[in-house]
Structures are given as C-alpha cells and as structure tokens.
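**Student:** Pasting my_file_10.cif below, which is mmCIF, C-alpha atoms and all ligand atoms.
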```
data_run
#
loop_
_atom_site.label_atom_id
_atom_site.label_comp_id
_atom_site.auth_asym_id
_atom_site.auth_seq_id
_atom_site.Cartn_x
_atom_site.Cartn_y
_atom_site.Cartn_z
CA MET A 1 -60.50 -71.05 5.25
CA LYS A 2 -63.17 -69.44 7.42
CA LEU A 3 -64.93 -66.21 6.43
CA MET A 4 -66.85 -63.90 8.72
CA LEU A 5 -69.28 -61.62 6.87
CA VAL A 6 -70.18 -58.31 8.50
CA GLY A 7 -73.37 -56.79 7.06
CA TYR A 8 -75.97 -58.87 5.34
CA GLY A 9 -77.96 -56.35 3.31
CA ASN A 10 -78.12 -55.97 -0.48
CA VAL A 11 -74.38 -56.49 -0.99
CA GLY A 12 -73.90 -59.14 1.72
CA LYS A 13 -76.65 -61.32 0.28
CA ALA A 14 -75.29 -60.96 -3.28
CA PHE A 15 -71.80 -61.89 -2.03
CA ARG A 16 -73.07 -65.07 -0.33
CA LYS A 17 -74.90 -66.02 -3.53
CA LEU A 18 -71.75 -65.53 -5.65
CA LEU A 19 -69.78 -67.68 -3.23
CA HIS A 20 -72.28 -70.51 -3.61
CA GLU A 21 -72.90 -70.18 -7.33
CA LYS A 22 -69.44 -69.56 -8.83
CA LYS A 23 -67.58 -72.83 -9.06
CA VAL A 24 -64.02 -71.56 -8.76
CA LYS A 25 -61.24 -73.93 -7.74
CA GLU A 26 -59.66 -71.41 -5.35
CA LEU A 27 -62.88 -71.46 -3.31
CA GLU A 28 -63.02 -75.22 -2.69
CA ASN A 29 -62.03 -74.95 0.97
CA VAL A 30 -63.68 -71.63 1.74
CA LYS A 31 -66.71 -71.51 4.02
CA ILE A 32 -68.80 -68.87 5.75
CA ALA A 33 -68.37 -69.49 9.48
CA GLY A 34 -70.39 -66.52 10.72
CA ILE A 35 -72.52 -63.58 9.60
CA VAL A 36 -72.87 -60.45 11.74
CA THR A 37 -75.48 -57.70 11.43
CA THR A 38 -76.88 -55.12 13.83
CA ARG A 39 -79.13 -57.96 15.07
CA GLY A 40 -76.26 -60.19 16.21
CA LEU A 41 -74.17 -63.14 15.02
CA MET A 42 -75.41 -66.15 13.06
CA LEU A 43 -73.05 -69.13 13.24
CA LYS A 44 -74.51 -70.89 10.20
CA ASP A 45 -74.27 -70.36 6.46
CA GLN A 46 -77.91 -70.04 5.47
CA GLU A 47 -79.85 -67.56 3.35
CA GLU A 48 -82.27 -66.40 6.03
CA PHE A 49 -80.56 -64.45 8.79
CA VAL A 50 -81.45 -65.85 12.22
CA PRO A 51 -79.05 -64.64 14.93
CA ASP A 52 -77.64 -67.22 17.36
CA LYS A 53 -76.06 -64.65 19.67
CA LYS A 54 -76.80 -61.00 20.38
CA ILE A 55 -73.18 -59.82 20.06
CA ASN A 56 -71.43 -57.16 17.97
CA ALA A 57 -68.83 -57.53 15.22
CA LEU A 58 -65.81 -57.17 17.54
CA GLU A 59 -67.14 -59.80 19.93
CA ALA A 60 -67.98 -62.01 16.95
CA LEU A 61 -64.32 -61.89 15.88
CA ASP A 62 -63.37 -63.75 19.07
CA GLU A 63 -66.26 -66.15 18.72
CA VAL A 64 -65.74 -67.03 15.03
CA GLN A 65 -61.91 -66.76 14.82
CA PRO A 66 -62.07 -66.30 11.03
CA ASP A 67 -59.19 -66.22 8.56
CA VAL A 68 -60.83 -63.41 6.60
CA VAL A 69 -63.33 -60.71 7.58
CA VAL A 70 -65.53 -59.45 4.72
CA ASP A 71 -67.04 -56.10 5.73
CA MET A 72 -70.24 -55.21 3.87
CA ALA A 73 -71.81 -53.10 6.65
CA SER A 74 -73.24 -49.59 6.24
CA ALA A 75 -70.75 -46.71 6.14
CA ASN A 76 -70.32 -44.58 9.28
CA TYR A 77 -68.43 -41.45 8.20
CA ASN A 78 -68.42 -39.92 11.69
CA THR A 79 -65.99 -42.38 13.23
CA GLY A 80 -65.70 -45.34 10.84
CA GLU A 81 -66.84 -47.53 13.74
CA PRO A 82 -67.34 -50.32 14.50
CA SER A 83 -65.58 -51.38 11.27
CA LEU A 84 -62.41 -49.38 11.99
CA SER A 85 -61.76 -51.13 15.32
CA LEU A 86 -62.71 -54.43 13.75
CA TYR A 87 -60.09 -54.05 10.96
CA LEU A 88 -57.33 -52.97 13.35
CA SER A 89 -58.10 -55.83 15.70
CA ALA A 90 -58.32 -58.40 12.88
CA LEU A 91 -55.19 -57.20 11.05
CA LYS A 92 -53.15 -57.24 14.27
CA ARG A 93 -54.09 -60.91 14.69
CA GLY A 94 -53.09 -61.80 11.12
CA ILE A 95 -56.70 -61.97 9.95
CA HIS A 96 -57.12 -60.53 6.43
CA VAL A 97 -59.82 -57.96 5.65
CA ILE A 98 -61.86 -57.44 2.49
CA THR A 99 -64.21 -54.48 2.49
CA THR A 100 -66.88 -52.74 0.44
CA ASN A 101 -67.28 -50.13 3.21
CA LYS A 102 -65.50 -46.88 2.35
CA ALA A 103 -65.75 -45.04 5.67
CA PRO A 104 -62.83 -46.56 7.64
CA LEU A 105 -60.40 -46.18 4.70
CA ALA A 106 -61.62 -42.67 3.87
CA LEU A 107 -60.99 -41.64 7.48
CA LYS A 108 -57.95 -43.64 8.61
CA TYR A 109 -56.22 -45.05 5.53
CA LYS A 110 -52.67 -44.68 6.80
CA GLU A 111 -53.36 -46.31 10.16
CA ILE A 112 -55.15 -49.28 8.54
CA ILE A 113 -52.51 -49.88 5.85
CA ASN A 114 -49.62 -49.53 8.30
CA THR A 115 -51.28 -51.97 10.70
CA ALA A 116 -51.69 -54.50 7.90
CA ILE A 117 -48.06 -54.08 6.76
CA SER A 118 -46.58 -54.33 10.24
CA HIS A 119 -48.52 -57.51 11.03
CA GLY A 120 -48.13 -59.24 7.67
CA SER A 121 -51.87 -59.26 7.04
CA LYS A 122 -53.71 -57.96 3.99
CA ILE A 123 -56.54 -55.55 3.27
CA PHE A 124 -58.33 -55.60 -0.10
CA PHE A 125 -60.87 -52.92 -0.99
CA GLN A 126 -61.70 -52.93 -4.71
CA ALA A 127 -65.45 -52.56 -4.07
CA THR A 128 -65.04 -49.30 -2.16
CA VAL A 129 -64.48 -47.46 -5.48
CA MET A 130 -66.56 -48.32 -8.60
CA SER A 131 -67.80 -51.60 -7.09
CA GLY A 132 -66.83 -54.47 -9.42
CA THR A 133 -65.26 -52.23 -12.09
CA PRO A 134 -61.48 -52.28 -11.49
CA SER A 135 -60.21 -49.02 -10.00
CA ILE A 136 -58.20 -49.96 -6.92
CA ASN A 137 -57.22 -53.31 -8.40
CA LEU A 138 -56.45 -51.63 -11.76
CA TYR A 139 -53.55 -49.88 -10.02
CA ARG A 140 -52.04 -53.31 -9.24
CA ILE A 141 -51.43 -53.87 -12.96
CA LEU A 142 -49.93 -50.45 -13.75
CA PRO A 143 -46.51 -50.83 -12.13
CA ALA A 144 -44.03 -47.92 -12.31
CA MET A 145 -46.50 -45.67 -14.09
CA LYS A 146 -46.23 -42.08 -12.81
CA VAL A 147 -49.83 -40.94 -12.41
CA ARG A 148 -50.29 -37.18 -12.80
CA LYS A 149 -54.04 -36.77 -12.29
CA ILE A 150 -57.24 -38.75 -11.99
CA ARG A 151 -60.74 -37.59 -12.75
CA GLY A 152 -64.05 -39.37 -12.96
CA ILE A 153 -67.65 -40.04 -12.05
CA LEU A 154 -67.53 -42.13 -8.89
CA ASN A 155 -71.06 -42.28 -7.51
CA GLY A 156 -73.65 -44.48 -9.19
CA THR A 157 -76.70 -43.06 -7.43
CA THR A 158 -76.09 -39.41 -8.37
CA ASN A 159 -75.12 -40.26 -11.95
CA TYR A 160 -78.31 -42.32 -12.22
CA ILE A 161 -80.38 -39.44 -10.78
CA LEU A 162 -78.82 -36.83 -13.10
CA THR A 163 -79.39 -39.10 -16.11
CA ARG A 164 -83.03 -39.81 -15.24
CA MET A 165 -83.65 -36.08 -14.54
CA SER A 166 -82.34 -35.30 -18.04
CA GLN A 167 -84.97 -37.77 -19.30
CA GLY A 168 -87.76 -35.84 -17.52
CA LEU A 169 -88.05 -37.41 -14.06
CA SER A 170 -88.11 -35.29 -10.91
CA PHE A 171 -85.20 -35.54 -8.47
CA ASN A 172 -87.32 -37.50 -5.96
CA GLU A 173 -88.65 -39.95 -8.57
CA ALA A 174 -85.12 -40.65 -9.79
CA LEU A 175 -83.81 -41.11 -6.23
CA LYS A 176 -86.64 -43.56 -5.48
CA GLU A 177 -85.64 -45.63 -8.52
CA ALA A 178 -81.96 -45.63 -7.45
CA GLN A 179 -82.98 -46.83 -4.00
CA GLU A 180 -85.19 -49.60 -5.42
CA LEU A 181 -82.29 -50.78 -7.58
CA GLY A 182 -80.02 -51.07 -4.48
CA TYR A 183 -77.61 -48.33 -5.63
CA ALA A 184 -78.08 -45.84 -2.79
CA GLU A 185 -76.50 -45.89 0.64
CA ARG A 186 -78.75 -46.78 3.57
CA ASP A 187 -78.72 -43.02 4.25
CA PRO A 188 -78.99 -41.62 0.67
CA THR A 189 -77.93 -38.13 1.75
CA LEU A 190 -74.39 -39.61 1.76
CA ASP A 191 -74.73 -40.04 -2.03
CA ILE A 192 -76.58 -36.80 -2.73
CA ASN A 193 -74.36 -34.42 -0.76
CA GLY A 194 -71.18 -35.75 -2.40
CA PHE A 195 -69.88 -37.54 0.68
CA ASP A 196 -69.75 -40.98 -0.95
CA ALA A 197 -67.84 -39.66 -3.99
CA ALA A 198 -65.52 -37.71 -1.65
CA GLY A 199 -64.81 -40.92 0.27
CA LYS A 200 -63.97 -42.68 -3.00
CA ILE A 201 -61.65 -39.97 -4.37
CA THR A 202 -59.94 -39.89 -0.96
CA ILE A 203 -59.21 -43.62 -1.21
CA LEU A 204 -58.04 -43.25 -4.83
CA SER A 205 -55.75 -40.34 -3.90
CA ASN A 206 -54.18 -42.48 -1.22
CA VAL A 207 -53.67 -45.40 -3.59
CA TYR A 208 -52.59 -43.50 -6.75
CA PHE A 209 -50.54 -40.73 -5.12
CA SER A 210 -49.62 -42.25 -1.72
CA ARG A 211 -50.95 -39.04 -0.20
CA TYR A 212 -52.41 -40.32 3.05
CA ILE A 213 -55.25 -37.83 3.13
CA SER A 214 -58.57 -38.17 4.94
CA ILE A 215 -62.05 -37.31 3.67
CA ASN A 216 -61.86 -34.25 5.94
CA ASP A 217 -59.17 -32.81 3.62
CA VAL A 218 -61.45 -33.02 0.56
CA LYS A 219 -63.66 -30.18 -0.69
CA PHE A 220 -66.96 -31.54 -1.87
CA GLU A 221 -70.37 -30.42 -3.12
CA GLY A 222 -73.34 -32.59 -4.01
CA ILE A 223 -76.38 -32.41 -6.24
CA GLY A 224 -78.99 -31.55 -3.57
CA ASN A 225 -80.42 -28.42 -5.20
CA ILE A 226 -79.22 -29.11 -8.70
CA GLU A 227 -80.77 -27.37 -11.73
CA ILE A 228 -79.92 -29.11 -14.98
CA GLY A 229 -82.25 -27.29 -17.41
CA ASP A 230 -79.85 -24.55 -18.57
CA ALA A 231 -77.00 -27.01 -19.23
CA LEU A 232 -79.36 -29.24 -21.24
CA LYS A 233 -80.47 -26.22 -23.33
CA ARG A 234 -76.82 -25.63 -24.19
CA GLY A 235 -76.52 -29.27 -25.30
CA ASN A 236 -74.41 -30.12 -22.24
CA LYS A 237 -74.92 -32.32 -19.16
CA ILE A 238 -74.27 -31.87 -15.45
CA LYS A 239 -72.09 -34.59 -13.91
CA LEU A 240 -70.76 -35.00 -10.37
CA ILE A 241 -67.02 -34.92 -11.04
CA ALA A 242 -64.32 -36.19 -8.68
CA TYR A 243 -60.76 -34.97 -9.29
CA ALA A 244 -57.35 -35.55 -7.71
CA ASP A 245 -53.72 -34.78 -8.41
CA GLU A 246 -50.71 -34.58 -6.12
CA LYS A 247 -51.91 -31.34 -4.54
CA GLU A 248 -55.67 -31.10 -4.89
CA THR A 249 -58.71 -33.35 -4.34
CA TYR A 250 -62.34 -32.28 -4.85
CA VAL A 251 -65.85 -33.36 -5.82
CA LYS A 252 -68.32 -30.97 -7.45
CA PRO A 253 -71.12 -30.88 -10.05
CA MET A 254 -69.76 -29.58 -13.37
CA GLU A 255 -71.16 -28.80 -16.80
CA ILE A 256 -69.75 -31.32 -19.29
CA THR A 257 -69.70 -30.77 -23.05
CA LYS A 258 -70.23 -33.37 -25.80
CA GLU A 259 -66.49 -33.44 -26.57
CA ASP A 260 -65.73 -34.74 -23.08
CA PHE A 261 -65.56 -38.53 -22.74
CA LEU A 262 -67.55 -38.34 -19.50
CA TYR A 263 -70.55 -36.85 -21.38
CA ASN A 264 -71.68 -40.32 -22.46
CA VAL A 265 -71.16 -42.03 -19.10
CA ASP A 266 -74.80 -42.28 -18.04
CA GLY A 267 -77.04 -44.09 -15.58
CA VAL A 268 -75.36 -46.19 -12.93
CA ASN A 269 -72.13 -46.27 -14.93
CA ASN A 270 -69.02 -44.70 -13.44
CA ALA A 271 -65.75 -43.78 -15.14
CA LEU A 272 -62.18 -43.13 -14.11
CA GLU A 273 -59.60 -41.33 -16.29
CA ILE A 274 -55.97 -41.81 -15.31
CA GLU A 275 -53.39 -39.46 -16.83
CA SER A 276 -49.80 -40.62 -16.48
CA ASP A 277 -46.30 -40.14 -17.90
CA ILE A 278 -46.93 -43.08 -20.25
CA GLN A 279 -50.53 -42.80 -21.40
CA LYS A 280 -54.10 -41.87 -20.58
CA ILE A 281 -56.39 -44.72 -19.55
CA THR A 282 -60.16 -44.56 -19.09
CA ILE A 283 -62.20 -47.33 -17.51
CA VAL A 284 -66.01 -47.35 -17.55
CA GLY A 285 -68.47 -49.71 -15.87
CA PRO A 286 -71.20 -49.96 -13.25
CA GLY A 287 -70.31 -48.05 -10.09
CA ALA A 288 -73.09 -49.40 -7.89
CA GLY A 289 -75.52 -52.29 -7.58
CA PRO A 290 -75.56 -55.18 -5.12
CA LEU A 291 -74.12 -57.78 -7.51
CA ASN A 292 -71.47 -55.37 -8.80
CA ALA A 293 -70.29 -54.36 -5.33
CA ALA A 294 -70.38 -57.99 -4.19
CA TYR A 295 -68.26 -58.96 -7.22
CA GLY A 296 -65.65 -56.37 -6.17
CA ALA A 297 -65.30 -58.17 -2.82
CA PHE A 298 -65.55 -61.60 -4.45
CA SER A 299 -62.73 -60.79 -6.90
CA ASP A 300 -60.65 -59.55 -3.95
CA LEU A 301 -61.19 -62.87 -2.19
CA ILE A 302 -59.91 -64.81 -5.18
CA LEU A 303 -56.89 -62.50 -5.55
CA LEU A 304 -56.17 -63.00 -1.85
CA LEU A 305 -56.39 -66.78 -2.23
CA ARG A 306 -53.99 -66.58 -5.18
CA GLY A 307 -51.46 -64.90 -2.90
CA GLU A 308 -51.65 -61.37 -4.32
CA ASN A 309 -50.59 -58.50 -2.07
P1 LIG B 1 -77.57 -52.31 3.22
O1 LIG B 1 -78.11 -51.12 3.93
O2 LIG B 1 -78.46 -53.10 2.31
O3 LIG B 1 -76.98 -53.34 4.31
C1 LIG B 1 -76.15 -52.93 5.35
C2 LIG B 1 -75.92 -54.08 6.30
O4 LIG B 1 -74.97 -53.66 7.28
C3 LIG B 1 -77.16 -54.55 7.07
O5 LIG B 1 -77.18 -55.97 7.13
C4 LIG B 1 -76.91 -53.99 8.49
O6 LIG B 1 -77.50 -54.79 9.52
C5 LIG B 1 -75.40 -54.09 8.56
N1 LIG B 1 -74.81 -53.23 9.56
C6 LIG B 1 -74.94 -51.89 9.73
N2 LIG B 1 -74.25 -51.48 10.81
C7 LIG B 1 -73.67 -52.59 11.32
C8 LIG B 1 -72.85 -52.83 12.46
N3 LIG B 1 -72.49 -51.84 13.27
N4 LIG B 1 -72.43 -54.11 12.71
C9 LIG B 1 -72.80 -55.12 11.90
N5 LIG B 1 -73.59 -54.95 10.81
C10 LIG B 1 -74.02 -53.70 10.53
O7 LIG B 1 -76.27 -51.77 2.45
P2 LIG B 1 -75.59 -52.36 1.12
O8 LIG B 1 -76.16 -51.67 -0.08
O9 LIG B 1 -75.60 -53.83 1.20
O10 LIG B 1 -74.10 -51.79 1.27
C11 LIG B 1 -73.21 -52.39 2.17
C12 LIG B 1 -71.86 -51.66 2.11
O11 LIG B 1 -71.32 -51.77 0.79
C13 LIG B 1 -71.93 -50.16 2.46
O12 LIG B 1 -70.79 -49.79 3.20
C14 LIG B 1 -71.88 -49.49 1.08
O13 LIG B 1 -71.31 -48.21 1.12
C15 LIG B 1 -70.99 -50.46 0.30
N6 LIG B 1 -71.19 -50.40 -1.14
C16 LIG B 1 -72.44 -50.49 -1.65
C17 LIG B 1 -72.64 -50.33 -2.99
C18 LIG B 1 -73.98 -50.59 -3.59
O14 LIG B 1 -74.14 -50.43 -4.81
C19 LIG B 1 -71.53 -49.80 -3.83
C20 LIG B 1 -70.23 -50.13 -3.30
C21 LIG B 1 -70.08 -50.25 -1.93
O15 LIG B 1 -72.15 -45.31 -5.93
C22 LIG B 1 -73.14 -45.39 -5.20
O16 LIG B 1 -74.25 -44.97 -5.56
C23 LIG B 1 -73.01 -45.99 -3.82
N7 LIG B 1 -74.13 -45.63 -3.00
C24 LIG B 1 -72.95 -47.51 -3.92
S1 LIG B 1 -71.46 -48.08 -3.96
N8 LIG B 1 -75.00 -51.03 -2.83
#
```
Would you write out, as structure tokens, the structure that this file holds?
Ligand code: 80F
**Tutor:**
Amino acid sequence: MKLMLVGYGNVGKAFRKLLHEKKVKELENVKIAGIVTTRGLMLKDQEEFVPDKKINALEALDEVQPDVVVDMASANYNTGEPSLSLYLSALKRGIHVITTNKAPLALKYKEIINTAISHGSKIFFQATVMSGTPSINLYRILPAMKVRKIRGILNGTTNYILTRMSQGLSFNEALKEAQELGYAERDPTLDINGFDAAGKITILSNVYFSRYISINDVKFEGIGNIEIGDALKRGNKIKLIAYADEKETYVKPMEITKEDFLYNVDGVNNALEIESDIQKITIVGPGAGPLNAAYGAFSDLILLLRGEN
C-alpha cells in the first residue's frame, strides 16, 4: 500500500517517525511513496526533505498514484485549497484520504463526504479535532446514541495561553511557548481569534448531528484582547468554550467556575462533553502537539487497514 504525505512540518515529520518506529502488523506492507510540500515532491522516504520535482500536490497525485493520501498541510480557511481539490480528485479515483487539516472539512464537509460515499472511498479525520484524543473516532463506538449537545475546549494553543497567563505570563510570552512546543497553527491568529476552534466544532456538529454546516455558519470569538484578572479574583477561570446542539453552534471565551468539570482542564489539554439520551460522557486529553496530531492520523491509518468505515 502506497502513501502520499502532503505537508512535512511538525506533524508530517512526527507521522513519518511513528510509521517507522511502531511495529504494527497492519503496517507491514505500507510504504511512503512520496512526500509533497510547498517546495515540491520527493519520491523517496527519507527524513531530510529534498524535492525531486517542483510540482504541486494535485500533480503529485498523478505522479505517485498512491492508495492513501495523508494530508498534514497548513490550513487554508479561505478556500480549503489545494487540499479540497486534492481530496475530491483522490476520492473520485478510489484513493482514501486521511487528514489532520481542518479547513476543507470545515468548509465543504457535505461535498467531501458525499464524494467519498458515491465512489466507495474513505475519508478519516480524527486528528482534525483534539488530535490523538478520540473525538471523531469516539463517535464510531457510540452507535444509536441520541446526542443532545456537545461542549468543550477544542483548541490547545489558547487553552495553553490562558493557563500560562493565569500563572503570571504575559499573552505574548505564553503564545511564544505554545509556538515553540508546536501547538500553534503556522498562522497563530487562526488559534487566537477562535477560527481553529470554530473549524473543529463545525466538524463535530456535522459528525454528531449530521447538520452539514460550514464554518461560515458558526459564531465565534477569540481571546485576542482577553482580560483574565477579574475572573481569577472571583476564583474562576476564563476558557475558550465551543458549543453545539441541533440548532446552535458557537465558540466564545466564558468564565468557568470551580464546579464545572472544564475548570481543571488546563494547559494543552482539551475536553469534550457529550450529552445524550443515555448518558453524559467526557473525554480529556492533549488537543495539540506534533506527536499527538500525528497519532490521530496514524490511528486512522490502522483503522483504515482494518477495514473500518
Ligand atoms: P507546519 O506549519 O509545521 O507544517 C505545514 C506543512 O504543510 C509544511 O511542510 C508546508 O510546506 C506544507 N504545506 C503548506 N501548504 C502546502 C501546499 N499548498 N501543498 C503542500 N504542502 C503544503 O504545520 P503542522 O503543525 O505540522 O500542522 C499541519 C496540519 O495539521 C495543519 O493543518 C494543522 O492545522 C493540523 N493540526 C496540527 C496540530 C498541531 O498540534 C493539531 C491538529 C491538527 O489546537 C491547536 O492549538 C491547534 N493549533 C493544533 S491542532 N500541530
């Protein structure tokens, strides 16, 4: 089975490492046939990226003819491109897609899923929400549960910044740390202005409520000019909360009291609460980090190889 990796930054490199280091029987016949970045296509599987051809991801699809595309490129929330066209083209040819890139699914979920269904190909996207902590793939193991609402902390960078600010750092110092740890987007304003969390709650709304909404339908605010001092004085914390039910989807900073489970979700940790007709479930774990996001895609690859849908 041939893989084509798109994007070879923090996450792409961690994914390649996992593929080489984890001795899993499902992966015995899996190999990386090509890696594409903005600098071109490399037709070898080696750590250092040295392009063989100056071509883009769509052209590389013809050149490599992979069985699976693994998209770990930067998010483009304006158009979703070039990843959006890449997915549609791959899925139409029966090539499966695994992605950590939220933008195409946050913009054109319905079109992508319907293309996959009508061509018998698969798209897996666990890492787009909460990285390697099950959120999308959690839904796979909750059959017939009627979900009423979901609520959580879905951006690692902003939760890390808010936590470090409550420990005395300035906003800029905390952001610098989050960038050094590989949590932030290439353009960190996507994290700070709430866009990344909005993209994630959009994808969750589509999965958990079959709503087929786009990020443009979601109201969101970020933490750009946030003041946390007054909340701290009251013994509370500010958290960037994402919420969705069958009618409403939003992201905004909110004051959270000690009684709220989300109060203790700090640092790069994320959390998702799912309220359903059966029970309430809460899952907590790292929401960002190169290894964590890479593991989301890696776990998807193994599920795909096991024949999951
Ligand atoms: P990084 O900037 O290190 O690398 C991006 C790569 O994409 C580069 O190799 C670049 O050349 C390539 N690229 C860009 N445009 C391209 C194009 N048109 N064609 C081909 N290649 C192109 O980015 P990361 O950190 O490696 O992230 C990669 C993707 O994973 C992005 O879409 C992220 O949104 C996504 N992701 C990253 C996470 C992380 O922790 C987490 C999960 C998904 O919660 C948070 O705080 C979030 N900021 C992190 S979520 N790094």
**Student:** Got a sec: who's within 8 Å of A:Lys237, counting all atoms listed in the file, leaving out chain neighbours fewer than 4 positions off, as a PyMOL selection string?
**Tutor:** chain A and resi 228+231-232+255-257+263
**Student:** For A:Met254, work out the shell of residues within 7 Å, counting only C-alpha atoms and skipping chain neighbours fewer than 4 positions away, then give it as JSON, numbers by chain.
**Tutor:** {"A": [238, 239, 240, 241]}
**Student:** Would you list the residues that come within 6 Å of ligand LIG 1 (chain B)? Count all atoms listed in the file and give the answer as a PyMOL selection string.
**Tutor:** chain A and resi 6-12+36-38+57+72-75+82+100-101+127-128+131+155-157+182-186+191+287-290+293
**Student:** Compare A:Ala103, A:Ala60, A:Leu27, A:Ile278 by their minimum atom-to-atom distance to A:Gly40, counting all atoms listed in the file, and give me the closest one.
**Tutor:**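 Ranking A:Ala103, A:Ala60, A:Leu27, A:Ile278 by distance to A:Gly40, first place goes to A:Ala60.
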**Student:** Near A:Ala33, counting only C-alpha atoms, which residues have an atom at most 12 Å away, once you skip same-chain residues fewer than 5 positions from it, shown as a ChimeraX atom specification?
**Tutor:** /A:1-6,16,41-46,60-61,63-70
**Student:** In Å, rounded to a single decimal, give me how far atom CA of A:Ala174 is from atom CA of A:Pro286.
**Tutor:**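 Taking atom CA of A:Pro286 and atom CA of A:Ala174, their separation equals 17.1 Å.
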**Student:** Would you mind telling me which residue in A:Val251, A:Ser205, A:Lys146, A:Ile192 lies nearest to A:Lys219 when using all atoms listed in the file?
**Tutor:**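 That would be A:Val251, the residue with the smallest distance to A:Lys219.
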**Student:** Provide the atom CA of A:Phe209 to atom CA of A:Ile123 distance in Å, to one decimal place.
**Tutor:**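 According to the coordinates, atom CA of A:Phe209 and atom CA of A:Ile123 are separated by 18.1 Å.
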